[in-house]
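The next block is work_25.cif, given as mmCIF, C-alpha atoms.
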```
data_run
loop_
_atom_site.label_atom_id
_atom_site.label_comp_id
_atom_site.auth_asym_id
_atom_site.auth_seq_id
_atom_site.Cartn_x
_atom_site.Cartn_y
_atom_site.Cartn_z
CA MET A 126 7.23 21.14 -24.54
CA LEU A 127 6.59 17.60 -23.27
CA VAL A 128 3.20 16.05 -23.93
CA TYR A 129 2.10 13.17 -21.72
CA ASP A 130 -0.23 10.59 -23.22
CA PHE A 131 -1.63 8.10 -20.72
CA ARG A 132 -4.07 6.44 -23.11
CA PRO A 133 -3.80 2.64 -22.77
CA THR A 134 -2.09 0.73 -25.55
CA PRO A 135 -4.00 -2.24 -27.01
CA GLU A 136 -1.97 -4.55 -24.74
CA GLN A 137 -2.74 -2.42 -21.70
CA GLU A 138 -6.44 -2.23 -22.60
CA ALA A 139 -6.59 -6.02 -22.84
CA VAL A 140 -5.15 -6.27 -19.31
CA LEU A 141 -7.64 -3.70 -18.02
CA GLU A 142 -10.56 -5.52 -19.65
CA ARG A 143 -9.53 -8.82 -18.06
CA THR A 144 -9.17 -7.03 -14.72
CA ARG A 145 -12.66 -5.53 -14.96
CA ALA A 146 -14.08 -8.93 -15.90
CA ILE A 147 -12.55 -10.62 -12.83
CA MET A 148 -13.81 -7.81 -10.62
CA ASP A 149 -17.35 -8.11 -12.01
CA GLU A 150 -17.49 -11.91 -11.96
CA HIS A 151 -15.65 -12.73 -8.74
CA VAL A 152 -14.65 -9.77 -6.54
CA TYR A 153 -17.76 -7.56 -6.33
CA PRO A 154 -20.09 -10.55 -5.71
CA ALA A 155 -17.96 -11.52 -2.70
CA GLU A 156 -18.32 -8.09 -1.09
CA ALA A 157 -21.80 -8.69 0.34
CA GLU A 158 -20.51 -11.42 2.63
CA PHE A 159 -17.36 -9.46 3.40
CA PHE A 160 -19.19 -6.28 4.42
CA ARG A 161 -21.76 -8.26 6.42
CA THR A 162 -19.30 -10.39 8.41
CA GLY A 163 -16.09 -8.37 8.25
CA THR A 164 -14.18 -11.26 6.69
CA LEU A 165 -14.16 -13.64 3.74
CA PRO A 166 -13.65 -17.41 4.06
CA GLU A 167 -10.15 -18.38 2.99
CA GLU A 168 -11.42 -20.97 0.53
CA ARG A 169 -13.43 -18.31 -1.29
CA MET A 170 -10.45 -15.96 -1.45
CA LYS A 171 -8.31 -18.81 -2.82
CA ALA A 172 -10.92 -19.46 -5.51
CA ILE A 173 -10.82 -15.82 -6.60
CA GLN A 174 -7.03 -15.87 -6.61
CA GLN A 175 -7.08 -18.95 -8.83
CA ALA A 176 -9.32 -17.16 -11.32
CA VAL A 177 -6.88 -14.22 -11.31
CA LYS A 178 -3.94 -16.55 -11.96
CA GLU A 179 -5.77 -18.27 -14.82
CA ALA A 180 -6.42 -14.85 -16.36
CA GLY A 181 -2.68 -14.07 -16.23
CA LEU A 182 -3.13 -11.14 -13.86
CA TRP A 183 -1.48 -12.44 -10.68
CA ALA A 184 1.23 -10.27 -9.02
CA PRO A 185 1.18 -7.64 -11.78
CA HIS A 186 3.82 -5.54 -10.03
CA MET A 187 6.56 -8.12 -10.68
CA PRO A 188 8.73 -8.49 -13.81
CA ARG A 189 7.68 -11.01 -16.45
CA GLU A 190 10.60 -13.29 -15.61
CA ALA A 191 9.31 -13.43 -12.03
CA GLY A 192 5.80 -14.33 -13.16
CA GLY A 193 4.28 -10.84 -13.16
CA LEU A 194 3.05 -8.58 -15.94
CA GLY A 195 6.24 -6.55 -16.23
CA MET A 196 4.40 -3.79 -18.08
CA GLY A 197 5.63 -0.78 -16.14
CA MET A 198 4.25 1.60 -13.56
CA VAL A 199 1.72 3.38 -15.78
CA THR A 200 0.06 0.05 -16.57
CA LEU A 201 0.13 -0.77 -12.86
CA ALA A 202 -1.46 2.61 -12.10
CA LEU A 203 -4.30 2.06 -14.57
CA MET A 204 -4.88 -1.45 -13.23
CA ASN A 205 -4.78 -0.37 -9.59
CA GLU A 206 -7.44 2.26 -10.27
CA ILE A 207 -9.74 -0.69 -10.88
CA LEU A 208 -8.45 -2.80 -7.99
CA GLY A 209 -8.76 0.07 -5.54
CA ARG A 210 -12.53 0.04 -5.93
CA SER A 211 -12.81 -3.03 -3.67
CA PRO A 212 -11.00 -3.79 -0.40
CA LEU A 213 -10.87 -7.44 -1.49
CA ALA A 214 -9.06 -6.86 -4.77
CA PRO A 215 -5.43 -6.27 -3.66
CA ARG A 216 -5.19 -9.63 -1.93
CA ALA A 217 -7.23 -11.32 -4.66
CA PHE A 218 -4.73 -10.15 -7.29
CA GLY A 219 -1.59 -10.75 -5.22
CA THR A 220 -0.82 -7.04 -4.85
CA SER A 221 -1.38 -6.46 -1.13
CA ALA A 222 1.20 -4.93 1.17
CA PRO A 223 3.54 -5.80 2.72
CA ASP A 224 4.07 -8.83 0.46
CA THR A 225 4.50 -6.76 -2.68
CA GLY A 226 7.37 -4.69 -1.27
CA ASN A 227 9.05 -7.73 0.21
CA GLN A 228 8.79 -9.55 -3.10
CA GLU A 229 10.37 -6.67 -4.95
CA ILE A 230 13.39 -6.39 -2.66
CA LEU A 231 13.85 -10.17 -2.53
CA TRP A 232 13.81 -10.20 -6.33
CA MET A 233 16.33 -7.33 -6.54
CA PHE A 234 18.64 -8.16 -3.63
CA GLY A 235 17.96 -11.76 -2.56
CA THR A 236 20.36 -14.62 -3.11
CA PRO A 237 19.26 -17.60 -5.22
CA GLU A 238 18.72 -19.59 -2.01
CA GLN A 239 16.62 -16.78 -0.47
CA LYS A 240 14.51 -16.54 -3.61
CA GLU A 241 13.86 -20.27 -3.61
CA ARG A 242 13.04 -20.53 0.11
CA PHE A 243 11.18 -17.27 0.70
CA LEU A 244 10.28 -15.46 -2.52
CA LYS A 245 8.97 -18.38 -4.54
CA PRO A 246 6.25 -19.56 -2.09
CA ASN A 247 5.39 -15.98 -1.11
CA LEU A 248 4.96 -14.93 -4.72
CA ALA A 249 2.78 -17.98 -5.33
CA GLY A 250 0.47 -16.89 -2.50
CA GLU A 251 1.31 -19.98 -0.45
CA ILE A 252 2.79 -18.07 2.51
CA ASP A 253 2.57 -14.51 3.85
CA SER A 254 5.36 -12.19 4.94
CA CYS A 255 5.79 -9.01 6.96
CA PHE A 256 8.22 -6.09 7.14
CA ALA A 257 9.45 -5.19 10.62
CA MET A 258 10.88 -1.70 10.91
CA THR A 259 8.60 0.52 13.03
CA GLU A 260 9.25 0.61 16.79
CA PRO A 261 7.12 2.02 19.62
CA GLU A 262 10.00 3.72 21.43
CA VAL A 263 11.14 5.94 18.54
CA SER A 264 9.54 8.05 15.81
CA GLY A 265 8.33 6.02 12.87
CA SER A 266 9.05 8.94 10.55
CA ASP A 267 12.79 8.77 11.42
CA PRO A 268 13.90 5.15 10.99
CA THR A 269 17.55 6.10 11.57
CA THR A 270 16.69 6.01 15.29
CA ILE A 271 15.60 2.35 15.42
CA ARG A 272 16.96 0.44 18.43
CA THR A 273 16.65 -3.20 17.37
CA ARG A 274 20.15 -4.70 17.34
CA ALA A 275 21.63 -7.62 15.44
CA VAL A 276 25.01 -8.81 16.75
CA ARG A 277 27.20 -11.19 14.80
CA ASP A 278 27.99 -14.42 16.67
CA GLY A 279 29.97 -16.74 14.44
CA ASP A 280 27.76 -17.80 11.54
CA HIS A 281 24.61 -16.30 13.07
CA TRP A 282 22.96 -13.00 13.84
CA VAL A 283 21.51 -12.63 17.32
CA ILE A 284 18.63 -10.15 17.17
CA ASN A 285 16.97 -8.28 20.03
CA GLY A 286 14.31 -5.65 19.58
CA HIS A 287 10.73 -4.46 19.87
CA LYS A 288 8.55 -3.71 16.82
CA TRP A 289 4.95 -2.70 16.34
CA PHE A 290 2.39 -2.00 13.63
CA ILE A 291 3.93 -4.89 11.73
CA THR A 292 1.24 -5.70 9.20
CA ASN A 293 0.21 -9.37 9.10
CA ALA A 294 3.03 -10.58 11.36
CA SER A 295 0.64 -12.99 13.06
CA ARG A 296 -0.02 -14.88 9.84
CA SER A 297 3.42 -14.55 8.26
CA ALA A 298 5.94 -17.31 7.63
CA PHE A 299 8.84 -14.85 7.67
CA ALA A 300 9.67 -11.26 8.52
CA ILE A 301 12.18 -8.94 6.92
CA VAL A 302 13.61 -7.22 9.99
CA MET A 303 15.48 -3.92 9.95
CA ALA A 304 18.15 -4.04 12.67
CA VAL A 305 21.19 -1.97 13.59
CA THR A 306 24.35 -3.96 12.89
CA ASP A 307 26.93 -1.15 13.26
CA PRO A 308 25.83 1.54 15.76
CA GLY A 309 29.04 3.49 15.17
CA ALA A 310 28.48 3.95 11.43
CA PRO A 311 26.88 7.04 9.85
CA PRO A 312 23.11 7.06 10.47
CA HIS A 313 22.11 5.69 7.07
CA GLN A 314 24.74 2.94 7.13
CA ARG A 315 23.95 1.42 10.54
CA ALA A 316 21.09 -0.91 9.67
CA THR A 317 20.82 -4.19 7.80
CA MET A 318 17.83 -6.19 6.57
CA ILE A 319 17.67 -9.75 7.86
CA ILE A 320 15.13 -12.43 6.98
CA VAL A 321 13.72 -13.99 10.15
CA PRO A 322 11.37 -17.01 9.92
CA THR A 323 8.56 -16.36 12.37
CA ASP A 324 8.96 -19.81 13.94
CA THR A 325 12.47 -18.86 15.08
CA PRO A 326 12.81 -19.23 18.88
CA GLY A 327 12.60 -15.78 20.42
CA PHE A 328 10.28 -14.32 17.75
CA ARG A 329 7.11 -13.58 19.69
CA ILE A 330 3.81 -11.94 18.78
CA VAL A 331 2.82 -9.77 21.76
CA ARG A 332 -0.64 -8.81 20.48
CA GLN A 333 -2.73 -7.73 17.55
CA ILE A 334 -3.02 -3.97 18.02
CA PRO A 335 -6.65 -2.77 18.00
CA VAL A 336 -6.82 0.06 15.48
CA MET A 337 -9.36 2.38 13.89
CA ASP A 338 -8.79 0.80 10.46
CA ASP A 339 -9.04 -2.88 11.35
CA GLY A 340 -8.37 -3.94 7.77
CA GLY A 341 -11.88 -5.28 7.36
CA GLY A 342 -10.71 -8.76 8.29
CA LEU A 343 -8.02 -8.69 5.61
CA GLY A 344 -5.03 -8.15 7.87
CA THR A 345 -3.64 -7.36 11.30
CA HIS A 346 -1.26 -4.82 12.79
CA ASP A 347 0.93 -6.62 15.29
CA GLU A 348 3.35 -5.89 18.09
CA ILE A 349 6.33 -8.26 18.20
CA VAL A 350 9.36 -8.84 20.38
CA LEU A 351 12.60 -10.44 19.25
CA GLU A 352 14.56 -11.97 22.15
CA ASP A 353 17.90 -13.54 21.28
CA CYS A 354 16.61 -14.61 17.87
CA ARG A 355 19.38 -16.54 16.17
CA VAL A 356 19.28 -16.70 12.38
CA PRO A 357 22.04 -17.76 9.95
CA VAL A 358 24.17 -15.05 8.41
CA GLU A 359 23.01 -16.27 4.99
CA ASN A 360 19.62 -14.73 5.88
CA THR A 361 21.18 -11.28 5.43
CA LEU A 362 19.21 -9.52 2.69
CA GLY A 363 21.57 -7.42 0.60
CA PRO A 364 24.88 -6.00 1.84
CA VAL A 365 25.45 -5.38 5.54
CA GLY A 366 24.78 -1.74 6.39
CA GLU A 367 22.67 -1.16 3.28
CA GLY A 368 19.27 -1.56 4.93
CA PHE A 369 18.19 2.03 4.38
CA ARG A 370 19.21 2.07 0.73
CA ILE A 371 17.28 -1.14 0.13
CA ALA A 372 14.30 0.23 2.07
CA GLN A 373 14.09 3.18 -0.30
CA ALA A 374 13.90 0.77 -3.23
CA ARG A 375 10.93 -0.81 -1.43
CA LEU A 376 9.11 2.24 -0.06
CA GLY A 377 8.95 4.40 -3.20
CA PRO A 378 6.95 1.89 -5.30
CA GLY A 379 4.90 1.01 -2.22
CA ARG A 380 3.85 4.61 -1.66
CA ILE A 381 2.80 5.19 -5.24
CA THR A 382 0.92 1.88 -5.33
CA HIS A 383 -1.17 3.10 -2.40
CA ALA A 384 -1.88 6.32 -4.31
CA MET A 385 -2.91 4.33 -7.39
CA ARG A 386 -5.45 2.33 -5.42
CA TRP A 387 -6.76 5.47 -3.72
CA ILE A 388 -7.98 6.67 -7.13
CA GLY A 389 -10.24 3.62 -7.25
CA VAL A 390 -11.52 4.28 -3.72
CA MET A 391 -12.18 7.92 -4.64
CA ASN A 392 -14.02 7.02 -7.83
CA ARG A 393 -16.25 4.44 -6.18
CA SER A 394 -17.06 6.81 -3.30
CA PHE A 395 -17.74 9.60 -5.80
CA GLU A 396 -20.11 7.41 -7.82
CA LEU A 397 -21.97 6.38 -4.67
CA MET A 398 -22.28 10.04 -3.68
CA VAL A 399 -23.66 11.07 -7.08
CA ARG A 400 -26.19 8.23 -7.19
CA ARG A 401 -27.35 9.03 -3.67
CA ALA A 402 -27.73 12.71 -4.52
CA LEU A 403 -29.82 11.87 -7.58
CA THR A 404 -32.19 9.54 -5.74
CA ARG A 405 -32.51 10.82 -2.18
CA GLU A 406 -35.15 13.46 -1.48
CA THR A 407 -35.54 15.84 1.44
CA ARG A 408 -37.80 18.87 1.88
CA GLY A 409 -39.39 18.10 -1.47
CA GLN A 410 -36.14 18.20 -3.43
CA LYS A 411 -33.49 15.78 -4.61
CA LEU A 412 -30.20 16.24 -2.78
CA ALA A 413 -28.63 16.97 -6.17
CA GLU A 414 -30.68 20.18 -6.36
CA PHE A 415 -28.99 21.70 -3.29
CA GLN A 416 -26.00 23.93 -4.00
CA THR A 417 -23.98 22.45 -1.14
CA ILE A 418 -24.23 18.98 -2.70
CA GLN A 419 -23.40 20.40 -6.12
CA ASN A 420 -20.26 21.91 -4.59
CA PHE A 421 -19.39 18.52 -3.07
CA VAL A 422 -19.65 16.90 -6.50
CA ALA A 423 -17.72 19.58 -8.41
CA ASP A 424 -14.92 19.84 -5.84
CA SER A 425 -14.58 16.08 -5.60
CA TYR A 426 -14.42 15.62 -9.37
CA ALA A 427 -11.73 18.31 -9.72
CA GLU A 428 -9.63 16.87 -6.91
CA ILE A 429 -9.90 13.28 -8.17
CA GLN A 430 -8.74 14.28 -11.65
CA ALA A 431 -5.82 16.25 -10.22
CA ALA A 432 -4.76 13.35 -7.99
CA ARG A 433 -5.08 10.89 -10.87
CA LEU A 434 -2.91 12.92 -13.22
CA LEU A 435 -0.27 13.51 -10.53
CA THR A 436 -0.18 9.76 -9.90
CA LEU A 437 0.12 8.89 -13.57
CA TYR A 438 2.87 11.48 -14.04
CA ALA A 439 4.87 10.03 -11.14
CA ALA A 440 4.38 6.54 -12.62
CA TRP A 441 5.49 7.80 -16.04
CA ARG A 442 8.68 9.26 -14.57
CA MET A 443 9.45 5.94 -12.92
CA ASP A 444 8.95 4.14 -16.24
CA GLN A 445 11.36 6.58 -17.88
CA GLY A 446 14.03 5.91 -15.26
CA LEU A 447 13.77 9.50 -13.99
CA ASP A 448 14.00 10.60 -10.37
CA ALA A 449 10.43 10.53 -9.08
CA ARG A 450 11.01 11.01 -5.35
CA LYS A 451 9.49 14.48 -5.30
CA GLU A 452 6.48 13.35 -7.32
CA ILE A 453 5.93 10.28 -5.12
CA SER A 454 6.03 12.38 -1.95
CA LEU A 455 3.70 14.90 -3.59
CA ILE A 456 1.06 12.33 -4.50
CA LYS A 457 1.45 10.61 -1.14
CA PHE A 458 0.32 13.64 0.87
CA PHE A 459 -1.95 15.24 -1.74
CA GLY A 460 -3.63 11.98 -2.69
CA ALA A 461 -4.21 11.00 0.94
CA GLN A 462 -5.89 14.32 1.65
CA VAL A 463 -8.07 14.16 -1.45
CA LEU A 464 -9.04 10.61 -0.53
CA HIS A 465 -10.08 11.76 2.93
CA ARG A 466 -12.12 14.70 1.63
CA VAL A 467 -13.92 12.75 -1.11
CA VAL A 468 -14.88 9.84 1.15
CA ASP A 469 -15.97 12.26 3.89
CA ARG A 470 -18.28 14.11 1.48
CA ALA A 471 -19.72 10.85 0.16
CA LEU A 472 -20.39 9.62 3.69
CA GLN A 473 -22.03 12.93 4.59
CA VAL A 474 -24.36 12.77 1.60
CA HIS A 475 -25.43 9.27 2.67
CA GLY A 476 -26.19 10.44 6.21
CA ALA A 477 -26.90 7.60 8.63
CA LEU A 478 -26.61 5.05 5.80
CA GLY A 479 -23.02 6.17 5.20
CA TYR A 480 -22.19 5.62 8.85
CA SER A 481 -23.48 2.05 8.64
CA ARG A 482 -21.80 -0.97 7.10
CA ASP A 483 -24.46 -1.27 4.41
CA THR A 484 -22.08 0.57 2.07
CA PRO A 485 -18.26 0.43 1.85
CA LEU A 486 -17.97 4.09 2.85
CA GLU A 487 -17.33 3.59 6.56
CA LEU A 488 -14.47 1.20 5.78
CA PHE A 489 -13.12 3.61 3.14
CA TYR A 490 -13.30 6.43 5.69
CA ARG A 491 -11.20 4.55 8.23
CA GLU A 492 -8.70 3.66 5.52
CA ALA A 493 -8.54 7.29 4.39
CA ARG A 494 -7.61 8.55 7.84
CA ALA A 495 -4.86 5.97 8.17
CA ALA A 496 -3.53 6.92 4.73
CA ARG A 497 -2.31 10.25 6.09
CA ILE A 498 -0.01 8.44 8.53
CA TYR A 499 1.36 5.21 7.07
CA ASP A 500 4.41 5.20 4.77
CA GLY A 501 5.34 8.58 6.18
CA PRO A 502 2.96 11.22 7.57
CA ASP A 503 1.76 14.07 5.37
CA GLU A 504 3.99 16.56 7.17
CA VAL A 505 7.17 14.65 6.32
CA HIS A 506 6.27 14.35 2.64
CA ARG A 507 5.53 18.08 2.45
CA VAL A 508 9.02 18.78 3.77
CA VAL A 509 10.53 16.41 1.19
CA VAL A 510 8.69 18.16 -1.65
CA ALA A 511 9.65 21.65 -0.45
CA ARG A 512 13.32 20.81 0.04
CA ARG A 513 13.58 19.25 -3.42
CA ILE A 514 11.99 22.33 -4.96
CA PHE A 515 14.47 24.60 -3.14
CA LYS A 516 17.35 22.39 -4.33
CA GLU A 517 16.11 22.36 -7.94
CA LEU A 518 15.92 26.15 -7.97
CA GLY A 519 19.45 26.50 -6.67
CA GLY A 520 18.97 27.27 -3.02
CA GLN A 521 18.52 25.80 0.44
CA PRO A 522 15.96 26.78 3.10
#
```

Could I get this structure in the form of structure tokens?
Amino acid sequence: MLVYDFRPTPEQEAVLERTRAIMDEHVYPAEAEFFRTGTLPEERMKAIQQAVKEAGLWAPHMPREAGGLGMGMVTLALMNEILGRSPLAPRAFGTSAPDTGNQEILWMFGTPEQKERFLKPNLAGEIDSCFAMTEPEVSGSDPTTIRTRAVRDGDHWVINGHKWFITNASRSAFAIVMAVTDPGAPPHQRATMIIVPTDTPGFRIVRQIPVMDDGGGLGTHDEIVLEDCRVPVENTLGPVGEGFRIAQARLGPGRITHAMRWIGVMNRSFELMVRRALTRETRGQKLAEFQTIQNFVADSYAEIQAARLLTLYAAWRMDQGLDARKEISLIKFFGAQVLHRVVDRALQVHGALGYSRDTPLELFYREARAARIYDGPDEVHRVVVARRIFKELGGQP
């Protein structure tokens, strides 16, 4: 019988202590201004990032040889539990999407020239990047149907297409664009990833899409059009026709990283709920004395612990080089639902205060609802889990 031990090693504990120290000294104190204004001055964010770099905690998701921690997914999970407690922390520590996924695939599949031109400044936090796959005309949960085309013309690709919900496109120096390069190939061999500098003629930001989760001033969700964008063939990222395979290398770690941070959001919301219940009185009693609130607390604690252990188990499988696709899909839909329930209960216990921006709960609530859609909706991940279970047990639905 396998026994899983997720206790931090001394090296891991040292990383977690440094992370907590940066959060206490730099990140949490910046939240008052952020929650009040909806944004944080860039110079203040840069100052926090510098403190993170000096502590040796910048871009922890990357290998050591790339300047990251290189300590595996379980370490990243334990660290992200802390970072998830503040909406400022992912960017402050160089772990915010979509840069992290782009950095990982550039590191794995980029040429030396691509790494020097695009990865190096992006990893240093000097420029931002975006990932352009989702399109308004087709289902985002089935990327084999994308319509953006890239046609070879001598030493260039000519790209035409329409993308939306492209996170941070409006502030990015380059986009990694998924485009069909061989429409006659099998569905999963039609598309190729191509690096497109955003100052390329024909790359146009249509608008910043107004959304429920506005990112709290930390990012945008943009609609873009590519009209006869010409980029050199050397901007091809990985082999032609391998876009979907490379995307899977990007999306799996991205999904579990979201789940890791959700644990931090859950824990902070839970703590706020408990403190509110212990201090708020109504009808001559503390909220904590009402059975309904006690149920909120007990159910939330149970669900958070279940989500945390599922996340750590998926991370452990990835560290062992085992197939973790089922576990990642499982934590993606289960974790998103637990996140939504826990934040909703915490907001309810706070009443009108929870609906205001005097606490982080309203921002967490908007994030929680979006979590059930991005990186694949809950329904798709349920299907993935069920089909893998059927396959493992020797049958097909």

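Atom pair atom CA of Glu241 of chain A / atom CA of Asp347 of chain A: separated by 26.7 Å.
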
(message) Counting all atoms listed in the file, I want the residues whose atoms come within 9 Å of (11.4, 8.7, 7.5) in the file frame, returned as number ranges by chain.
(response) A: 264-269, 500-502, 505

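Relative to atom CA of Arg296 of chain A, atom CA of Cys354 of chain A is found at 18.5 Å.
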
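Atom CA of Asp253 of chain A lies 7.7 Å from atom CA of Asn293 of chain A.
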
Expand the PyMOL selection byres ((chain A and resi 240) around 12) into the explicit residue set it covers here, and present it as a compact mmCIF listing (two decimals) with C-alpha atoms, in the coordinates of the input.
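Everything below was put into part_10.txt:
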```
# COMPACT_ATOMS: atom_id res chain seq x y z
CA ALA A 191 9.31 -13.43 -12.03
CA ASN A 227 9.05 -7.73 0.21
CA GLN A 228 8.79 -9.55 -3.10
CA GLU A 229 10.37 -6.67 -4.95
CA ILE A 230 13.39 -6.39 -2.66
CA LEU A 231 13.85 -10.17 -2.53
CA TRP A 232 13.81 -10.20 -6.33
CA MET A 233 16.33 -7.33 -6.54
CA PHE A 234 18.64 -8.16 -3.63
CA GLY A 235 17.96 -11.76 -2.56
CA THR A 236 20.36 -14.62 -3.11
CA PRO A 237 19.26 -17.60 -5.22
CA GLU A 238 18.72 -19.59 -2.01
CA GLN A 239 16.62 -16.78 -0.47
CA GLU A 241 13.86 -20.27 -3.61
CA ARG A 242 13.04 -20.53 0.11
CA PHE A 243 11.18 -17.27 0.70
CA LEU A 244 10.28 -15.46 -2.52
CA LYS A 245 8.97 -18.38 -4.54
CA PRO A 246 6.25 -19.56 -2.09
CA ASN A 247 5.39 -15.98 -1.11
CA LEU A 248 4.96 -14.93 -4.72
CA ALA A 249 2.78 -17.98 -5.33
CA ILE A 320 15.13 -12.43 6.98
CA ASN A 360 19.62 -14.73 5.88
CA LEU A 362 19.21 -9.52 2.69
```

(message) Please enumerate the residues selected by the PyMOL selection byres ((chain A and resi 183) around 9) when evaluated against the supplied file, formatted as a PyMOL selection string.
(response) chain A and resi 174-175+177-182+184-186+192-194+217-220+249

(message) Using all atoms listed in the file, which protein or nucleic acid residues come within 6 Å of segment 275-283 of chain A? Drop anything in the same chain fewer than 6 positions from it, and give the result as an MDAnalysis selection string.
(response) chainID A and resid 304:306 353:358

(request) Evaluate the PyMOL selection byres ((chain A and resi 334) around 12) on the structure here and hand back the selected residues as a PyMOL selection string. (result) chain A and resi 261+288-295+330-333+335-340+344-349

(request) Compute the distance from (20.2, 0.7, 5.8) to each atom, counting all atoms listed in the file, keep the residues with any atom at most 12 Å away, and return them as a ChimeraX atom specification; use the coordinates of the file. (result) /A:258,268-271,302-308,310-319,362-375

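Among A:Ala202, A:Leu351, A:Leu213, A:Ala511, the residue with the shortest atom-to-atom distance to Arg274 of chain A, counting all atoms listed in the file, is A:Leu351.
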
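If all atoms listed in the file are the atoms counted, then among A:Arg466, A:Arg491, A:Arg507, A:Arg386 the closest residue to Tyr426 of chain A is A:Arg466.
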
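Using only C-alpha atoms for every distance, the candidate list A:Glu190, A:Ala176, A:Arg512, A:Thr200 yields A:Thr200 as the residue closest to Pro135 of chain A.
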
Need to verify the contact set: Arg380 of chain A, 10 Å, only C-alpha atoms, exclusion of same-chain residues closer than 2 positions in sequence. Can you return it as a compact mmCIF listing (two decimals) with C-alpha atoms, in the frame of the given file?
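File written: result-v1.txt
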```
# COMPACT_ATOMS: atom_id res chain seq x y z
CA GLY A 226 7.37 -4.69 -1.27
CA ARG A 375 10.93 -0.81 -1.43
CA LEU A 376 9.11 2.24 -0.06
CA GLY A 377 8.95 4.40 -3.20
CA PRO A 378 6.95 1.89 -5.30
CA THR A 382 0.92 1.88 -5.33
CA HIS A 383 -1.17 3.10 -2.40
CA ALA A 384 -1.88 6.32 -4.31
CA MET A 385 -2.91 4.33 -7.39
CA ILE A 453 5.93 10.28 -5.12
CA SER A 454 6.03 12.38 -1.95
CA ILE A 456 1.06 12.33 -4.50
CA LYS A 457 1.45 10.61 -1.14
CA TYR A 499 1.36 5.21 7.07
CA ASP A 500 4.41 5.20 4.77
CA GLY A 501 5.34 8.58 6.18
```

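The nearest approach to Arg513 of chain A among the residues A:Glu492, A:Glu428, A:Glu414, A:Asp448, with only C-alpha atoms taken into account, belongs to A:Asp448.
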
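If you measure from each of A:Phe489, A:Phe459, A:Phe328, A:Phe159 to Gly389 of chain A using all atoms listed in the file, the closest one turns out to be A:Phe489.
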
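Among the candidates A:Ser211, A:Lys516, A:Asp483, A:Met196, the one nearest to Ile147 of chain A when counting only C-alpha atoms is A:Ser211.
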
(request) Just the residues within 10 Å of Phe131 of chain A, please, counting only C-alpha atoms, with nothing from its chain fewer than 2 positions along; format it as a PyMOL selection string. (result) chain A and resi 128-129+133-134+199-200+203+434+437-438+441

Listed atoms of segment 468-480 of chain A, axis-aligned box, 4 Å per side: centre and edge lengths to one decimal in Å, as JSON?
```
{"center_x": -20.9, "center_y": 9.6, "center_z": 4.5, "size_x": 20.0, "size_y": 17.1, "size_z": 16.7}
```
